[in-house]
Amino acid sequence: MRRALTERVKRSLRTEEIFLILEKNKDLLSNVGWIVSDPSSPRWWDGLETIDDILVSSILVQLTRWETVREVLKKLKERGIRRIEDLASLEESEIEELIKKVNFRRAKAKRLKNLAMLVKEIGIHRLVVSPELLSNIEGIGDETKEAILLFAGNIPLFPRSEYSKRVLSRLAGIRLSKNDARLLGEYICGHDLYKIKLFHAGIVSVGKSFCSNQNPKCNSCIFKEICKYNSVKRLETV
Ligand code: SF4
């Protein structure tokens, strides 16, 4: 996205008001699983306590309910497995048994074992700041990788997502690609870690709670007063 266009979209977004609204609606974010916390805390990721939990959950959650992932994380802790490298000494079949409540447990057990071996070799702090190393992990796609870099590695980048593409496009009244939305998020938030995390968590929360593809619930949405899509919709019904 060209810089002039980015500036124009940013102006039409009323970003100051977006941040004020998000600050006032932290409860909505926490209902969706984002806990507004200190800028570098792992707790943003639904209150998880460690970056090990963030990584393990990002493997377990694919095609599995988040509540089930939380149960499995609890079980791992009860068995004394608090760090990813603790899984390196287990057989894949043992890991599979421990995570048996999640879908595709065999494939995920293999991924966790490989991940544990890698973490044991290079250290988790090196892994979560490296896009190249994360790209090589089976089961972690671009969107998850960028979320891990931000929330576990504290790298100030705005993760791409379908939600940010849809919600930012509607707020600004301009059709954005996923990459446009990512660049726009980075342009708005700069290198401010707290702002990036709040903006990402807020946009995803609005996408999940109100801004569905087919039937956005604009009347209930926290952004209804500042959203271009909604104001055009209102004009059409006058
Ligand atoms: S007001 Fe409607 S279109 Fe705008 S962000 Fe909210 S749900 Fe989406």
# chains A, B, ... in the order shown; residues from 1 in each chain; ligands from 1
call {"tool": "residues_near_ligand", "arguments": {"ligand": "ligand 1", "cutoff": "12 Å", "atoms": "only C-alpha atoms and all ligand atoms", "output": "ChimeraX atom specification"}}
result
/A:13,18,163-174,202-234
call {"tool": "residues_around", "arguments": {"residues": "range 74-90 of chain A", "least_positions_apart": "5", "cutoff": "12 Å", "atoms": "only C-alpha atoms", "output": "PyMOL selection string"}}
result
chain A and resi 48-57+59+67-69+95-101+109-125+127
call {"tool": "atom_distance", "arguments": {"atom1": "CA of Ala107 in chain A", "atom2": "CA of Ser58 in chain A"}}
result
13.7 Å
call {"tool": "residues_around", "arguments": {"residues": "Val128 in chain A", "least_positions_apart": "6", "cutoff": "9 Å", "atoms": "only C-alpha atoms", "output": "CSV table (one decimal) with N, CA and C atoms, in the first residue's frame"}}
result
chain,number,residue,atom,x,y,z
A,51,ILE,N,5.3,-18.2,27.6
A,51,ILE,CA,5.3,-18.3,26.2
A,51,ILE,C,5.3,-19.7,25.7
A,55,LEU,N,2.9,-21.2,22.7
A,55,LEU,CA,3.3,-22.1,21.5
A,55,LEU,C,2.6,-23.4,21.5
A,134,LEU,N,10.3,-20.1,12.8
A,134,LEU,CA,8.8,-20.4,13.0
A,134,LEU,C,8.2,-20.9,11.7
A,145,LYS,N,2.0,-17.6,12.8
A,145,LYS,CA,3.4,-17.2,13.0
A,145,LYS,C,3.5,-15.8,13.5
A,148,ILE,N,2.4,-15.3,17.0
A,148,ILE,CA,3.4,-15.8,18.0
A,148,ILE,C,4.5,-14.8,18.1
A,149,LEU,N,5.0,-14.2,16.9
A,149,LEU,CA,6.0,-13.2,17.0
A,149,LEU,C,5.6,-12.0,17.8
A,150,LEU,N,4.3,-11.6,17.7
A,150,LEU,CA,3.9,-10.5,18.5
A,150,LEU,C,3.7,-10.8,20.0
A,152,ALA,N,4.3,-13.8,21.8
A,152,ALA,CA,5.3,-14.5,22.5
A,152,ALA,C,6.7,-13.9,22.4
A,153,GLY,N,6.9,-13.4,21.2
A,153,GLY,CA,8.3,-12.8,20.9
A,153,GLY,C,8.3,-11.3,21.2
A,154,ASN,N,7.2,-10.7,21.4
A,154,ASN,CA,7.1,-9.2,21.6
A,154,ASN,C,7.8,-8.5,20.5
A,155,ILE,N,7.7,-9.0,19.3
A,155,ILE,CA,8.1,-8.3,18.1
A,155,ILE,C,7.0,-7.3,17.6
call {"tool": "atom_distance", "arguments": {"atom1": "CA of Leu193 in chain A", "atom2": "CA of Arg65 in chain A"}}
result
28.0 Å
call {"tool": "residues_around", "arguments": {"residues": "Phe151 in chain A", "least_positions_apart": "5", "cutoff": "8 Å", "atoms": "only C-alpha atoms", "output": "compact mmCIF listing (two decimals) with C-alpha atoms, in the first residue's frame"}}
result
# COMPACT_ATOMS: atom_id res chain seq x y z
CA SER A 40 5.24 -7.65 27.18
CA SER A 41 3.14 -10.08 29.25
CA PRO A 42 2.11 -13.49 27.80
CA TRP A 44 -2.74 -11.25 26.49
CA TRP A 45 -3.22 -14.78 25.05
CA LYS A 197 -1.62 -5.77 20.83
call {"tool": "atom_distance", "arguments": {"atom1": "CA of Phe158 in chain A", "atom2": "CA of Leu183 in chain A"}}
result
7.5 Å
call {"tool": "residues_around", "arguments": {"residues": "Ile35 in chain A", "least_positions_apart": "5", "cutoff": "8 Å", "atoms": "only C-alpha atoms", "output": "number ranges by chain"}}
result
A: 26, 29-30, 43-47
